[in-house]
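Asker: What follows is work_35.txt; its format and atoms are compact mmCIF, C-alpha atoms and all ligand atoms.
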# COMPACT_ATOMS: atom_id res chain seq x y z
CA MET B 27 -9.86 -16.05 -10.21
CA ARG B 28 -9.17 -14.61 -13.64
CA LEU B 29 -5.83 -12.91 -13.59
CA ARG B 30 -3.82 -11.54 -16.47
CA ARG B 31 -0.19 -10.56 -16.52
CA VAL B 32 0.18 -7.54 -18.77
CA ALA B 33 3.24 -6.77 -20.90
CA SER B 34 5.86 -4.41 -19.49
CA LEU B 35 4.95 -0.77 -19.39
CA THR B 36 6.85 1.54 -21.65
CA ALA B 37 9.63 3.40 -19.91
CA GLY B 38 9.14 7.09 -19.42
CA ALA B 39 8.63 10.03 -17.15
CA ALA B 40 11.83 9.28 -15.23
CA LEU B 41 12.73 12.94 -15.21
CA LEU B 42 9.55 13.78 -13.37
CA PHE B 43 10.90 11.98 -10.33
CA VAL B 44 13.31 14.84 -9.72
CA THR B 45 10.51 17.29 -9.21
CA ALA B 46 7.79 14.94 -8.04
CA ALA B 47 9.68 13.07 -5.37
CA GLY B 48 12.69 15.17 -4.38
CA ALA B 49 13.52 16.51 -0.98
CA GLN B 50 10.52 18.85 -1.06
CA PRO B 51 7.13 17.39 -0.22
CA VAL B 52 4.85 16.75 -3.18
CA ASP B 53 1.47 18.44 -3.11
CA VAL B 54 -1.13 15.96 -1.99
CA SER B 55 -3.53 18.79 -1.19
CA GLY B 56 -4.02 17.98 2.47
CA LEU B 57 -5.26 14.46 1.70
CA ASN B 58 -3.80 13.09 4.92
CA GLU B 59 -4.72 15.64 7.58
CA ARG B 60 -8.17 14.15 8.10
CA TYR B 61 -6.67 10.73 8.82
CA LYS B 62 -4.44 12.12 11.57
CA ASP B 63 -7.41 13.58 13.44
CA PRO B 64 -7.37 12.13 17.00
CA ASP B 65 -11.19 12.07 16.82
CA LEU B 66 -11.28 10.23 13.51
CA LYS B 67 -14.56 8.32 13.14
CA VAL B 68 -13.11 4.90 12.40
CA GLU B 69 -16.45 3.15 11.95
CA ALA B 70 -17.48 5.60 9.24
CA TRP B 71 -14.17 5.05 7.44
CA ALA B 72 -14.48 1.29 7.83
CA GLN B 73 -17.90 1.51 6.17
CA ARG B 74 -16.35 3.47 3.32
CA PHE B 75 -13.29 1.27 2.81
CA GLU B 76 -14.90 -2.09 3.56
CA SER B 77 -18.16 -2.01 1.64
CA GLU B 78 -19.36 -3.73 -1.48
CA GLY B 79 -19.00 -1.51 -4.51
CA ARG B 80 -15.43 -0.54 -3.70
CA GLU B 81 -13.62 -2.71 -6.21
CA VAL B 82 -10.56 -3.47 -4.08
CA PHE B 83 -12.92 -4.63 -1.32
CA ASP B 84 -14.99 -6.72 -3.73
CA ARG B 85 -11.84 -8.32 -5.18
CA ARG B 86 -9.80 -8.40 -1.94
CA GLU B 87 -9.41 -12.18 -1.96
CA GLU B 88 -8.25 -12.23 -5.58
CA ILE B 89 -5.80 -9.39 -4.89
CA VAL B 90 -4.28 -11.23 -1.94
CA ALA B 91 -4.17 -14.56 -3.82
CA SER B 92 -2.39 -12.88 -6.75
CA ILE B 93 0.52 -11.92 -4.48
CA GLY B 94 1.30 -15.59 -3.83
CA LEU B 95 2.25 -15.29 -0.15
CA GLU B 96 3.62 -18.37 1.57
CA PRO B 97 3.22 -19.49 5.18
CA GLY B 98 5.93 -18.00 7.34
CA GLN B 99 6.51 -14.96 5.12
CA SER B 100 6.44 -11.40 6.31
CA ILE B 101 4.30 -8.69 4.66
CA ALA B 102 3.85 -5.00 5.44
CA ASP B 103 0.62 -3.23 4.45
CA VAL B 104 1.77 0.39 4.25
CA GLY B 105 -1.20 2.72 4.56
CA ALA B 106 -3.28 -0.10 6.00
CA GLY B 107 -6.26 2.20 6.70
CA THR B 108 -8.99 0.36 8.61
CA GLY B 109 -7.15 -2.92 8.06
CA LEU B 110 -9.22 -4.32 5.23
CA PHE B 111 -6.42 -6.62 4.04
CA VAL B 112 -4.91 -7.46 7.43
CA PRO B 113 -6.89 -10.65 8.30
CA LEU B 114 -6.44 -11.95 4.74
CA PHE B 115 -2.69 -11.42 4.92
CA ALA B 116 -2.64 -13.03 8.38
CA ALA B 117 -4.39 -16.12 6.97
CA ALA B 118 -2.01 -16.26 4.00
CA VAL B 119 1.22 -16.10 6.05
CA GLY B 120 -0.21 -18.14 8.92
CA PRO B 121 0.65 -18.03 12.62
CA ASP B 122 4.39 -18.35 11.91
CA GLY B 123 4.37 -15.41 9.49
CA LYS B 124 4.23 -11.72 10.19
CA VAL B 125 1.88 -8.92 9.10
CA TYR B 126 2.91 -5.34 9.75
CA ALA B 127 0.02 -2.91 9.41
CA VAL B 128 1.52 0.55 9.01
CA ASP B 129 -0.39 3.83 9.00
CA ILE B 130 0.02 7.48 9.97
CA ALA B 131 -3.50 7.57 11.47
CA PRO B 132 -3.43 6.85 15.23
CA ARG B 133 -7.10 5.84 15.34
CA PHE B 134 -6.72 3.36 12.47
CA ILE B 135 -3.75 1.79 14.24
CA GLU B 136 -5.72 1.43 17.51
CA HIS B 137 -8.59 -0.12 15.53
CA ILE B 138 -6.32 -2.62 13.76
CA ARG B 139 -4.68 -3.60 17.07
CA ALA B 140 -8.08 -4.15 18.70
CA ARG B 141 -9.39 -6.22 15.79
CA ALA B 142 -6.25 -8.35 15.68
CA ALA B 143 -6.49 -8.98 19.44
CA GLU B 144 -10.19 -9.93 19.15
CA ARG B 145 -9.33 -12.46 16.47
CA ASP B 146 -6.17 -13.63 18.25
CA LEU B 147 -4.02 -12.75 15.25
CA THR B 148 -0.72 -12.75 17.11
CA GLN B 149 1.22 -12.46 13.84
CA VAL B 150 -0.13 -8.89 13.34
CA THR B 151 1.88 -5.89 14.51
CA ALA B 152 0.43 -2.42 13.95
CA ILE B 153 2.90 0.45 13.56
CA LEU B 154 2.06 4.14 13.77
CA ASN B 155 4.51 5.64 11.30
CA GLU B 156 5.32 9.13 10.09
CA ASP B 157 5.20 10.87 6.71
CA ARG B 158 8.86 10.17 5.92
CA SER B 159 9.35 6.70 7.40
CA THR B 160 7.52 3.38 7.66
CA ARG B 161 9.23 2.70 11.02
CA LEU B 162 9.55 -0.92 9.90
CA PRO B 163 12.55 -2.84 11.22
CA GLU B 164 15.42 -3.07 8.73
CA GLY B 165 15.43 -6.20 6.53
CA SER B 166 12.17 -7.42 8.07
CA VAL B 167 9.73 -8.01 5.19
CA ASP B 168 9.38 -10.17 2.08
CA VAL B 169 6.54 -8.14 0.57
CA VAL B 170 5.35 -4.56 0.91
CA PHE B 171 1.76 -3.92 -0.19
CA ILE B 172 0.43 -0.41 -0.81
CA CYS B 173 -3.22 -0.04 -1.79
CA ASP B 174 -4.72 3.32 -2.78
CA THR B 175 -2.04 4.94 -0.65
CA TYR B 176 1.05 5.65 -2.80
CA HIS B 177 -0.67 8.78 -4.14
CA HIS B 178 -1.11 9.92 -0.52
CA PHE B 179 2.64 9.89 0.21
CA GLU B 180 3.76 13.43 0.85
CA TYR B 181 7.43 12.39 0.80
CA PRO B 182 7.48 9.52 -1.72
CA GLU B 183 11.26 9.46 -2.05
CA ALA B 184 11.77 9.12 1.71
CA MET B 185 8.98 6.54 2.00
CA LEU B 186 10.48 4.47 -0.83
CA ALA B 187 13.91 4.60 0.83
CA SER B 188 12.34 3.44 4.09
CA ILE B 189 10.46 0.63 2.30
CA HIS B 190 13.68 -0.41 0.53
CA ARG B 191 15.53 -0.63 3.86
CA ALA B 192 12.72 -2.67 5.41
CA MET B 193 12.82 -5.31 2.68
CA ARG B 194 14.80 -8.49 2.65
CA PRO B 195 16.93 -9.20 -0.45
CA GLY B 196 14.59 -10.26 -3.27
CA GLY B 197 11.69 -8.53 -1.55
CA ARG B 198 8.65 -7.59 -3.60
CA LEU B 199 6.62 -4.39 -3.72
CA VAL B 200 2.98 -4.46 -4.83
CA ILE B 201 1.27 -1.19 -5.73
CA VAL B 202 -2.47 -0.87 -6.27
CA ASP B 203 -3.48 2.66 -7.22
CA PHE B 204 -6.06 4.64 -9.13
CA LYS B 205 -5.81 5.16 -12.85
CA ARG B 206 -5.68 8.85 -13.62
CA GLU B 207 -9.02 8.81 -15.40
CA GLY B 208 -12.68 8.64 -14.61
CA ARG B 209 -14.24 9.15 -11.19
CA MET B 210 -11.03 8.92 -9.14
CA GLY B 211 -8.72 10.48 -11.76
CA ARG B 212 -8.79 13.95 -10.19
CA HIS B 213 -7.84 12.52 -6.81
CA VAL B 214 -4.33 11.31 -7.71
CA ARG B 215 -1.36 13.64 -8.20
CA ALA B 216 0.03 11.61 -11.12
CA GLY B 217 -0.65 8.57 -13.25
CA LYS B 218 0.79 5.07 -13.52
CA GLU B 219 3.84 5.92 -15.64
CA VAL B 220 5.02 8.68 -13.31
CA PHE B 221 4.59 6.54 -10.19
CA LYS B 222 6.32 3.62 -11.90
CA ALA B 223 9.29 5.84 -12.77
CA GLU B 224 9.48 7.18 -9.21
CA ILE B 225 9.46 3.68 -7.76
CA GLU B 226 12.13 2.45 -10.18
CA ALA B 227 14.29 5.46 -9.29
CA GLY B 228 13.78 4.49 -5.64
CA GLY B 229 15.66 1.21 -6.09
CA PHE B 230 13.03 -1.18 -7.43
CA ARG B 231 12.79 -3.11 -10.69
CA PHE B 232 9.39 -3.29 -12.35
CA THR B 233 8.46 -6.94 -12.92
CA GLU B 234 4.86 -7.07 -14.09
CA GLU B 235 1.43 -5.52 -14.26
CA LEU B 236 -1.50 -7.68 -13.25
CA GLU B 237 -5.12 -7.39 -14.29
CA ILE B 238 -7.87 -8.97 -12.23
CA ASP B 239 -11.44 -9.17 -13.52
CA GLY B 240 -13.53 -6.51 -11.82
CA ILE B 241 -10.57 -4.24 -11.09
CA GLU B 242 -11.24 -1.35 -13.47
CA GLU B 243 -10.44 1.89 -11.63
CA ASN B 244 -7.09 0.67 -10.31
CA TYR B 245 -3.92 -0.79 -11.78
CA ILE B 246 -1.67 -3.32 -10.03
CA LEU B 247 2.11 -3.11 -10.43
CA HIS B 248 4.72 -5.51 -9.07
CA PHE B 249 8.35 -4.58 -8.39
CA GLU B 250 11.40 -6.30 -6.95
CA ARG B 251 13.93 -4.73 -4.63
CA ARG B 252 17.16 -4.04 -6.51
C1 LIG B 301 -7.33 5.74 0.89
S1 LIG B 301 -6.68 5.09 2.37
C2 LIG B 301 -6.36 3.38 1.89
C3 LIG B 301 -6.39 2.45 3.05
C4 LIG B 301 -6.20 0.96 2.72
N1 LIG B 301 -4.94 0.71 2.06
C5 LIG B 301 -7.33 0.46 1.86
O1 LIG B 301 -7.13 0.29 0.64
O2 LIG B 301 -8.44 0.26 2.40
C6 LIG B 301 -5.06 5.80 2.46
C7 LIG B 301 -4.35 5.52 3.77
O3 LIG B 301 -2.99 5.92 3.65
C8 LIG B 301 -2.56 6.42 4.89
N2 LIG B 301 -1.30 7.16 4.64
C9 LIG B 301 -1.11 8.33 4.00
N3 LIG B 301 0.21 8.64 3.95
C10 LIG B 301 0.87 7.63 4.57
C11 LIG B 301 2.23 7.34 4.85
N4 LIG B 301 3.23 8.19 4.49
N5 LIG B 301 2.53 6.21 5.49
C12 LIG B 301 1.55 5.34 5.88
N6 LIG B 301 0.24 5.56 5.66
C13 LIG B 301 -0.09 6.68 5.01
C14 LIG B 301 -3.75 7.20 5.38
O4 LIG B 301 -3.72 7.45 6.76
C15 LIG B 301 -4.90 6.25 4.97
O5 LIG B 301 -5.17 5.31 5.97
Represent the structure from my file as structure tokens, please.
Ligand SMILES: C[S@@+](CC[C@H](N)C(=O)[O-])C[C@H]1O[C@@H](n2cnc3c(N)ncnc32)[C@H](O)[C@@H]1O
Answerer:
Amino acid sequence: MRLRRVASLTAGAALLFVTAAGAQPVDVSGLNERYKDPDLKVEAWAQRFESEGREVFDRREEIVASIGLEPGQSIADVGAGTGLFVPLFAAAVGPDGKVYAVDIAPRFIEHIRARAAERDLTQVTAILNEDRSTRLPEGSVDVVFICDTYHHFEYPEAMLASIHRAMRPGGRLVIVDFKREGRMGRHVRAGKEVFKAEIEAGGFRFTEELEIDGIEENYILHFERR
């Protein structure tokens, strides 16, 4: 795996947090309604999220390895979708670890539960959450992982507070999200600097940015719980 740790980002955009992530919902233009559909076609979404050509799928093993999980640790995948990362996290933390797969989409949660049961991944717990809360137990996780989902949060401030509560002291937050450029640029409500400022204002300290060969459309930011 070729992995680069990039120098700290420049500070900025902190003021935007007040408007972008205050008590009012941010405008995510109905991005999430389709996921909440009780008739959601999970197989079609699994094809979309778990197919070659999607860079986070192609580099999923490198992404997971770069987090440096240890056996027995606890990780939450918030916005787990069809569960692309769930078996990889389960392997990394082992049978004595814990993987919480959290999503607001009931059909995705059913799908993740069924797949975990088929594979006898007893360390996986799937949680149907809500827009303002992860519903994770307090002080339960070492790492929170959020892939292509932070920009979907309608209530980022409330979600960050919930993530903060769920983390153990020294807990780490890993964000993978789209650069605000190119094909996916129109899809995200803000870019890296704004999201970084929001997350720092939510009680996290930025630690590093990682680059992985083949990851071009996304950036990867690491934070620590303050
Ligand atoms: C683009 S998908 C990414 C799924 C997965 N992380 C992946 O990379 O394959 C975004 C996911 O975020 C979920 N989502 C949106 N808002 C959420 C929230 N507040 N809490 C948890 N999940 C959320 C959606 O239901 C959807 O499954």
Asker: Which residues come within 8 Å of Arg139 of chain B, counting all atoms listed in the file, excluding same-chain residues fewer than 2 positions away, as a VMD selection string?
Answerer: chain B and resid 135 to 137 141 to 143 150 to 152
Asker: Would you save the residues of that selection, restricted to C-alpha atoms, as an mmCIF file, keeping the file's coordinate frame?
Answerer:
data_model
loop_
_atom_site.group_PDB
_atom_site.id
_atom_site.type_symbol
_atom_site.label_atom_id
_atom_site.label_comp_id
_atom_site.auth_asym_id
_atom_site.auth_seq_id
_atom_site.Cartn_x
_atom_site.Cartn_y
_atom_site.Cartn_z
ATOM 1 C CA ILE B 135 -3.750 1.790 14.240
ATOM 2 C CA GLU B 136 -5.720 1.430 17.510
ATOM 3 C CA HIS B 137 -8.590 -0.120 15.530
ATOM 4 C CA ARG B 141 -9.390 -6.220 15.790
ATOM 5 C CA ALA B 142 -6.250 -8.350 15.680
ATOM 6 C CA ALA B 143 -6.490 -8.980 19.440
ATOM 7 C CA VAL B 150 -0.130 -8.890 13.340
ATOM 8 C CA THR B 151 1.880 -5.890 14.510
ATOM 9 C CA ALA B 152 0.430 -2.420 13.950
#
Asker: Of the candidates B:Ala192, B:Ile241, B:Leu66, B:Met210, which one gets nearest to Arg86 of chain B if we count all atoms listed in the file?
Answerer: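 Using all atoms listed in the file, the shortest distance to Arg86 of chain B belongs to B:Ile241.
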Asker: So that all listed atoms of segment 173-178 of chain B fit with 4 Å spare on each side, what axis-aligned box centre and edge lengths in Å, to one decimal, would you give as AutoDock Vina command-line options?
Answerer:
--center_x -1.8 --center_y 4.9 --center_z -2.3 --size_x 13.8 --size_y 18.0 --size_z 11.6
Asker: If we count all atoms listed in the file and set the cut-off at 10 Å, which residues sit around Leu154 of chain B, ignoring sequence neighbours fewer than 6 positions away in its own chain? Please answer as an mmCIF file with C-alpha atoms, in the frame of the given file.
Answerer:
data_model
loop_
_atom_site.group_PDB
_atom_site.id
_atom_site.type_symbol
_atom_site.label_atom_id
_atom_site.label_comp_id
_atom_site.auth_asym_id
_atom_site.auth_seq_id
_atom_site.Cartn_x
_atom_site.Cartn_y
_atom_site.Cartn_z
ATOM 1 C CA GLY B 105 -1.200 2.720 4.560
ATOM 2 C CA ALA B 127 0.020 -2.910 9.410
ATOM 3 C CA VAL B 128 1.520 0.550 9.010
ATOM 4 C CA ASP B 129 -0.390 3.830 9.000
ATOM 5 C CA ILE B 130 0.020 7.480 9.970
ATOM 6 C CA ALA B 131 -3.500 7.570 11.470
ATOM 7 C CA PRO B 132 -3.430 6.850 15.230
ATOM 8 C CA ARG B 133 -7.100 5.840 15.340
ATOM 9 C CA PHE B 134 -6.720 3.360 12.470
ATOM 10 C CA ILE B 135 -3.750 1.790 14.240
ATOM 11 C CA GLU B 136 -5.720 1.430 17.510
ATOM 12 C CA THR B 160 7.520 3.380 7.660
ATOM 13 C CA ARG B 161 9.230 2.700 11.020
ATOM 14 C CA LEU B 162 9.550 -0.920 9.900
#
Asker: So how far away is atom CA of Leu110 of chain B from atom CA of Glu224 of chain B, in Å?
Answerer: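 Distance between the two atoms: 26.3 Å.
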Asker: Give me, as a ChimeraX atom specification, all polymer residues having an atom no more than 9 Å from Glu69 of chain B, counting all atoms listed in the file and skipping those fewer than 4 positions away in the same chain.
Answerer: /B:73-74,108
Asker: Give me, please, the distance in Å between atom CA of His190 of chain B and atom CA of Asn58 of chain B, quoted to one decimal.
Answerer: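 Those two atoms sit 22.5 Å apart.
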Asker: When you count only C-alpha atoms and all ligand atoms, which of these residues is closest to ligand LIG 301 (chain B): B:Tyr245, B:Tyr126, B:Trp71, B:Phe179?
Answerer: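 Smallest distance to ligand LIG 301 (chain B) is found for B:Phe179.
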Asker: Rounded to one decimal in Å, what is the spacing between atom CA of Ala72 of chain B and atom CA of Glu96 of chain B?
Answerer: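 Value for the atom CA of Ala72 of chain B-atom CA of Glu96 of chain B distance: 27.4 Å.
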Asker: Neighbours of Pro113 of chain B within 9 Å (all atoms listed in the file; same-chain residues fewer than 2 positions away dropped), as a ChimeraX atom specification?
Answerer: /B:109-111,115-118,125,142,145,147,150
Asker: Given the choices B:Ala227, B:Ala91, B:Met193, B:Val68, which gets closest to ligand LIG 301 (chain B) if the distance is worked out from all atoms listed in the file?
Answerer: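 Looking only at the distances to ligand LIG 301 (chain B), the closest residue turns out to be B:Val68.
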Asker: Can you tell me, as a ChimeraX atom specification, what residues are no more than 7 Å from Arg206 of chain B when counting only C-alpha atoms, ignoring any on the same chain fewer than 5 positions away?
Answerer: /B:211-212,214,216-217
Asker: Taking (-1.4, -9.1, -18.4) in the file's coordinates, which residues come within 8 Å, counting all atoms listed in the file, written as a PyMOL selection string?
Answerer: chain B and resi 29-33+234-237
Asker: Which is closest to ligand LIG 301 (chain B) among B:Val112, B:Val202, B:Ile238, B:Cys173, if we use only C-alpha atoms and all ligand atoms?
Answerer: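 Nearest candidate to ligand LIG 301 (chain B) out of B:Val112, B:Val202, B:Ile238, B:Cys173: B:Cys173.
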Asker: Restricting the calculation to all atoms listed in the file, which member of B:Lys62, B:Arg85, B:Lys222, B:Arg191 is positioned closest to ligand LIG 301 (chain B)?
Answerer: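 Ranked by minimum distance to ligand LIG 301 (chain B), first place goes to B:Lys62.
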Asker: With all atoms listed in the file as the atoms that count, which of B:Leu114, B:Ile172, B:Val119, B:Ile138 lies nearest to ligand LIG 301 (chain B)?
Answerer: B:Ile172
